[in-house]
Amino acid sequence: MDNITHSLIGAALGQAGLKRRTGLGMPALIIGANIPDVDAACFFWLEGTEHLGFRRGITHGPIAWLVLPLLLAAGLWWYDRWQDRRGKRPEGRLPVNFKWLFLLGLIGTLSHPLFDWFNNYGVRFLEPFSSEWFYGDTLFIIDLWILLGLGLAVWLSRRREQAGRGDWTRPAITALAVLTGYIGVNNAVSVASVQAVRTQQPGLTLAMANPVPVAFWQREVLWRSADGHFGKVPCGFGTCDRLGPPLGRINMADPRIARWAKGDPQAEAFLFWSRMPIAAPGPKGILLTDQRFMDVPTRGNFTVELKPRG
């Protein structure tokens, strides 16, 4: 998901009452909810498609689940002591408890790969022990309804808290409960849409639900057939249109692809990351793209051109 959504998830957890467990509890939750994306910040020099195969890996895996919250807790604990030594520590801040800083950072950190999994980009939960990609195919990567719902809940909760009301946690708790139900509904729509397409065409080798922006009840089901064709069909609430003619051939059996991609970091990264690769042979080479992102405005970020080497 986008980092605003990750931040709002951490903030909502804090406004649900978790931030009162320790001083600096809210920063622990919000920073924790974003910290796995340190892979993007630390490896910003990767060009082209190289970042596709690196992102959502080691910093989203089990070692990072423990190491990142520990480093975060240590940093916040040191910051509190540093402010105290300088006489700058806010009087209203609760005492800082290292154990709770770690636990809140852990909760925030775990929320990040979970919500990344809900979209169709993929996340490697088991890195470095396994490089397998996992996909939730449940939410669009920027979900307007989650942004609005969590944003409103955090704002209402903060207003009640500042007004001294005892029920200040209620908006955030309610929003988190609604979010859980919303994710369940979206997952059901995805599962039903894929099943409807497979019922129409039992011989498909792959069918996946592609969430679309805003219209959470709709899906594009991307499909692939055993004879090497690909296509898509629109669905809504699990009811899909009839499968039309294929959009083209997959062409990934072309032996030149493996030969030309070997030793090319851009191509190797793309092929490692790509879930639904498509090859388009041309006069100057072969253009590789991924069916999931071939129609998006930023599709150029998800393509790589193979050319004869040597």
# chains A, B, ... in the order shown; residues from 1 in each chain; ligands from 1

call {"tool": "residues_around", "arguments": {"residues": "Ser130 (chain A)", "least_positions_apart": "6", "cutoff": "12 Å", "atoms": "only C-alpha atoms", "output": "MDAnalysis selection string"}}
result
chainID A and resid 57:58 61:62 123:124

call {"tool": "write_last_selection", "arguments": {"atoms": "N, CA and C atoms", "output": "PDB file, in the first residue's frame"}}
result
ATOM      1  N   GLY A  57      11.253  -7.395  -0.046  1.00  0.00           N
ATOM      2  CA  GLY A  57      11.984  -8.628   0.207  1.00  0.00           C
ATOM      3  C   GLY A  57      12.509  -8.700   1.626  1.00  0.00           C
ATOM      4  N   ILE A  58      13.818  -8.534   1.782  1.00  0.00           N
ATOM      5  CA  ILE A  58      14.480  -8.760   3.063  1.00  0.00           C
ATOM      6  C   ILE A  58      13.922  -7.887   4.176  1.00  0.00           C
ATOM      7  N   GLY A  61      10.612  -9.395   5.578  1.00  0.00           N
ATOM      8  CA  GLY A  61      10.666 -10.782   6.011  1.00  0.00           C
ATOM      9  C   GLY A  61      10.859 -10.940   7.507  1.00  0.00           C
ATOM     10  N   PRO A  62      10.919 -12.182   7.991  1.00  0.00           N
ATOM     11  CA  PRO A  62      10.888 -12.459   9.429  1.00  0.00           C
ATOM     12  C   PRO A  62      12.054 -11.894  10.234  1.00  0.00           C
ATOM     13  N   VAL A 123       4.703  -9.736  -2.224  1.00  0.00           N
ATOM     14  CA  VAL A 123       5.614  -9.512  -1.106  1.00  0.00           C
ATOM     15  C   VAL A 123       6.266 -10.852  -0.770  1.00  0.00           C
ATOM     16  N   ARG A 124       7.547 -10.803  -0.405  1.00  0.00           N
ATOM     17  CA  ARG A 124       8.280 -12.028  -0.086  1.00  0.00           C
ATOM     18  C   ARG A 124       8.344 -12.161   1.436  1.00  0.00           C
TER      19      ARG A 124
END

call {"tool": "select_by_dssp", "arguments": {"residues": "region 40-92 of chain A", "states": "alpha helix (DSSP H)", "output": "MDAnalysis selection string"}}
result
chainID A and resid 40:42 50:54 62:85

call {"tool": "residues_around", "arguments": {"residues": "Trp168 (chain A)", "least_positions_apart": "3", "cutoff": "8 Å", "atoms": "only C-alpha atoms", "output": "MDAnalysis selection string"}}
result
chainID A and resid 15 156:161 164:165 171

call {"tool": "write_last_selection", "arguments": {"atoms": "C-alpha atoms", "output": "PDB file, in the first residue's frame"}}
result
ATOM      1  CA  GLN A  15      -5.801   6.224  18.704  1.00  0.00           C
ATOM      2  CA  LEU A 156     -12.463  12.410  15.238  1.00  0.00           C
ATOM      3  CA  SER A 157     -10.519  10.456  17.839  1.00  0.00           C
ATOM      4  CA  ARG A 158      -7.976  13.244  18.237  1.00  0.00           C
ATOM      5  CA  ARG A 159     -10.727  15.854  18.629  1.00  0.00           C
ATOM      6  CA  ARG A 160     -12.403  13.816  21.354  1.00  0.00           C
ATOM      7  CA  GLU A 161      -9.098  13.221  23.101  1.00  0.00           C
ATOM      8  CA  GLY A 164     -11.060  15.338  27.341  1.00  0.00           C
ATOM      9  CA  ARG A 165     -13.781  12.857  26.405  1.00  0.00           C
ATOM     10  CA  PRO A 171     -13.812   6.176  16.402  1.00  0.00           C
TER      11      PRO A 171
END

call {"tool": "closest_residue", "arguments": {"among": "A:Ala267, A:Val233, A:Ala12, A:Val191", "to": "Met26 (chain A)", "atoms": "only C-alpha atoms"}}
result
A:Ala12

call {"tool": "residues_around", "arguments": {"residues": "Lys232 (chain A)", "least_positions_apart": "6", "cutoff": "9 Å", "atoms": "only C-alpha atoms", "output": "compact mmCIF listing (two decimals) with N, CA and C atoms, in the first residue's frame"}}
result
# COMPACT_ATOMS: atom_id res chain seq x y z
N ALA A 207 -5.69 -17.57 -13.46
CA ALA A 207 -6.68 -16.49 -13.42
C ALA A 207 -6.49 -15.76 -12.11
N GLU A 220 -10.97 -6.71 -12.52
CA GLU A 220 -10.57 -7.21 -13.83
C GLU A 220 -9.90 -8.56 -13.57
N VAL A 221 -10.47 -9.62 -14.10
CA VAL A 221 -9.86 -10.93 -13.95
C VAL A 221 -8.95 -11.17 -15.14
N LEU A 222 -7.68 -11.29 -14.87
CA LEU A 222 -6.69 -11.57 -15.91
C LEU A 222 -6.53 -13.08 -16.04
N TRP A 223 -6.54 -13.57 -17.26
CA TRP A 223 -6.49 -15.02 -17.44
C TRP A 223 -5.44 -15.42 -18.48
N ARG A 224 -5.03 -16.68 -18.38
CA ARG A 224 -4.08 -17.27 -19.32
C ARG A 224 -4.56 -18.68 -19.65
N LEU A 243 -16.28 -14.34 -21.41
CA LEU A 243 -14.91 -14.22 -21.90
C LEU A 243 -14.92 -13.88 -23.38
N GLY A 244 -14.24 -12.82 -23.72
CA GLY A 244 -14.12 -12.44 -25.12
C GLY A 244 -12.91 -13.09 -25.75
N PRO A 246 -9.06 -13.63 -26.97
CA PRO A 246 -7.81 -13.28 -26.28
C PRO A 246 -7.24 -11.97 -26.79
N LEU A 247 -6.45 -11.33 -25.94
CA LEU A 247 -5.81 -10.08 -26.31
C LEU A 247 -4.51 -10.31 -27.08

call {"tool": "atom_distance", "arguments": {"atom1": "CA of Ala279 (chain A)", "atom2": "CA of Asn251 (chain A)"}}
result
5.2 Å

call {"tool": "residues_around", "arguments": {"residues": "Ala258 (chain A)", "least_positions_apart": "6", "cutoff": "10 Å", "atoms": "only C-alpha atoms", "output": "number ranges by chain"}}
result
A: 252, 267-268, 271, 306

call {"tool": "closest_residue", "arguments": {"among": "A:Ile146, A:Ala215, A:Val38, A:Ile30", "to": "Tyr182 (chain A)", "atoms": "only C-alpha atoms"}}
result
A:Ile146

call {"tool": "residues_around", "arguments": {"residues": "Ile173 (chain A)", "least_positions_apart": "3", "cutoff": "8 Å", "atoms": "only C-alpha atoms", "output": "mmCIF file with N, CA, C and O atoms, in the first residue's frame"}}
result
data_model
loop_
_atom_site.group_PDB
_atom_site.id
_atom_site.type_symbol
_atom_site.label_atom_id
_atom_site.label_comp_id
_atom_site.auth_asym_id
_atom_site.auth_seq_id
_atom_site.Cartn_x
_atom_site.Cartn_y
_atom_site.Cartn_z
ATOM 1 N N ALA A 12 -4.220 4.924 13.573
ATOM 2 C CA ALA A 12 -5.488 4.382 14.073
ATOM 3 C C ALA A 12 -5.254 3.402 15.209
ATOM 4 O O ALA A 12 -6.000 3.392 16.206
ATOM 5 N N LEU A 13 -4.229 2.585 15.092
ATOM 6 C CA LEU A 13 -3.893 1.675 16.188
ATOM 7 C C LEU A 13 -3.537 2.461 17.454
ATOM 8 O O LEU A 13 -3.906 2.075 18.567
ATOM 9 N N GLN A 15 -4.589 5.585 18.195
ATOM 10 C CA GLN A 15 -5.801 6.224 18.704
ATOM 11 C C GLN A 15 -6.804 5.213 19.251
ATOM 12 O O GLN A 15 -7.745 5.589 19.959
ATOM 13 N N ALA A 16 -6.616 3.938 18.957
ATOM 14 C CA ALA A 16 -7.441 2.896 19.570
ATOM 15 C C ALA A 16 -7.031 2.626 21.002
ATOM 16 O O ALA A 16 -7.665 1.834 21.695
ATOM 17 N N THR A 169 -11.261 6.780 22.134
ATOM 18 C CA THR A 169 -10.747 5.658 21.340
ATOM 19 C C THR A 169 -11.803 5.048 20.415
ATOM 20 O O THR A 169 -11.460 4.298 19.499
ATOM 21 N N ARG A 170 -13.071 5.367 20.644
ATOM 22 C CA ARG A 170 -14.142 4.676 19.922
ATOM 23 C C ARG A 170 -14.083 4.850 18.401
ATOM 24 O O ARG A 170 -14.250 3.873 17.661
ATOM 25 N N LEU A 176 -11.181 0.468 12.673
ATOM 26 C CA LEU A 176 -10.384 -0.743 12.492
ATOM 27 C C LEU A 176 -11.283 -1.971 12.316
ATOM 28 O O LEU A 176 -10.967 -2.874 11.530
ATOM 29 N N ALA A 177 -12.414 -1.995 13.044
ATOM 30 C CA ALA A 177 -13.363 -3.100 12.877
ATOM 31 C C ALA A 177 -13.996 -3.065 11.487
ATOM 32 O O ALA A 177 -14.127 -4.097 10.817
#

call {"tool": "atom_distance", "arguments": {"atom1": "CA of Asp290 (chain A)", "atom2": "CA of Thr5 (chain A)"}}
result
25.3 Å

call {"tool": "closest_atom_pairs", "arguments": {"of": "region 144-257 of chain A", "to": "region 131-136 of chain A", "cutoff": "10 Å", "atoms": "only C-alpha atoms", "output": "JSON lines"}}
result
{"residue": "A:Asn187", "atom": "CA", "partner": "A:Gly136", "partner_atom": "CA", "distance": 8.0}
{"residue": "A:Ser190", "atom": "CA", "partner": "A:Gly136", "partner_atom": "CA", "distance": 9.2}
{"residue": "A:Met208", "atom": "CA", "partner": "A:Tyr135", "partner_atom": "CA", "distance": 9.7}
{"residue": "A:Ala209", "atom": "CA", "partner": "A:Gly136", "partner_atom": "CA", "distance": 9.3}

call {"tool": "write_last_selection", "arguments": {"atoms": "C-alpha atoms", "output": "mmCIF file, in the first residue's frame"}}
result
data_model
loop_
_atom_site.group_PDB
_atom_site.id
_atom_site.type_symbol
_atom_site.label_atom_id
_atom_site.label_comp_id
_atom_site.auth_asym_id
_atom_site.auth_seq_id
_atom_site.Cartn_x
_atom_site.Cartn_y
_atom_site.Cartn_z
ATOM 1 C CA ASN A 187 -11.391 -10.707 -0.622
ATOM 2 C CA SER A 190 -11.851 -11.342 -5.679
ATOM 3 C CA MET A 208 -6.185 -13.642 -10.967
ATOM 4 C CA ALA A 209 -8.391 -10.829 -9.706
#

call {"tool": "residues_around", "arguments": {"residues": "Leu66 (chain A)", "least_positions_apart": "6", "cutoff": "10 Å", "atoms": "only C-alpha atoms", "output": "PDB file with N, CA and C atoms, in the first residue's frame"}}
result
ATOM      1  N   PHE A 102       9.190  -1.531  21.856  1.00  0.00           N
ATOM      2  CA  PHE A 102       9.478  -2.643  20.943  1.00  0.00           C
ATOM      3  C   PHE A 102       8.194  -3.312  20.469  1.00  0.00           C
ATOM      4  N   LEU A 103       7.266  -3.585  21.394  1.00  0.00           N
ATOM      5  CA  LEU A 103       6.030  -4.273  21.027  1.00  0.00           C
ATOM      6  C   LEU A 103       5.175  -3.436  20.077  1.00  0.00           C
ATOM      7  N   GLY A 105       6.312  -1.044  18.097  1.00  0.00           N
ATOM      8  CA  GLY A 105       7.044  -1.025  16.834  1.00  0.00           C
ATOM      9  C   GLY A 105       6.843  -2.325  16.068  1.00  0.00           C
ATOM     10  N   LEU A 106       6.781  -3.438  16.802  1.00  0.00           N
ATOM     11  CA  LEU A 106       6.555  -4.739  16.172  1.00  0.00           C
ATOM     12  C   LEU A 106       5.166  -4.800  15.538  1.00  0.00           C
ATOM     13  N   THR A 109       5.233  -2.672  12.452  1.00  0.00           N
ATOM     14  CA  THR A 109       6.038  -3.297  11.409  1.00  0.00           C
ATOM     15  C   THR A 109       5.305  -4.461  10.767  1.00  0.00           C
ATOM     16  N   LEU A 110       4.642  -5.285  11.566  1.00  0.00           N
ATOM     17  CA  LEU A 110       3.910  -6.433  11.020  1.00  0.00           C
ATOM     18  C   LEU A 110       2.727  -5.993  10.160  1.00  0.00           C
TER      19      LEU A 110
END
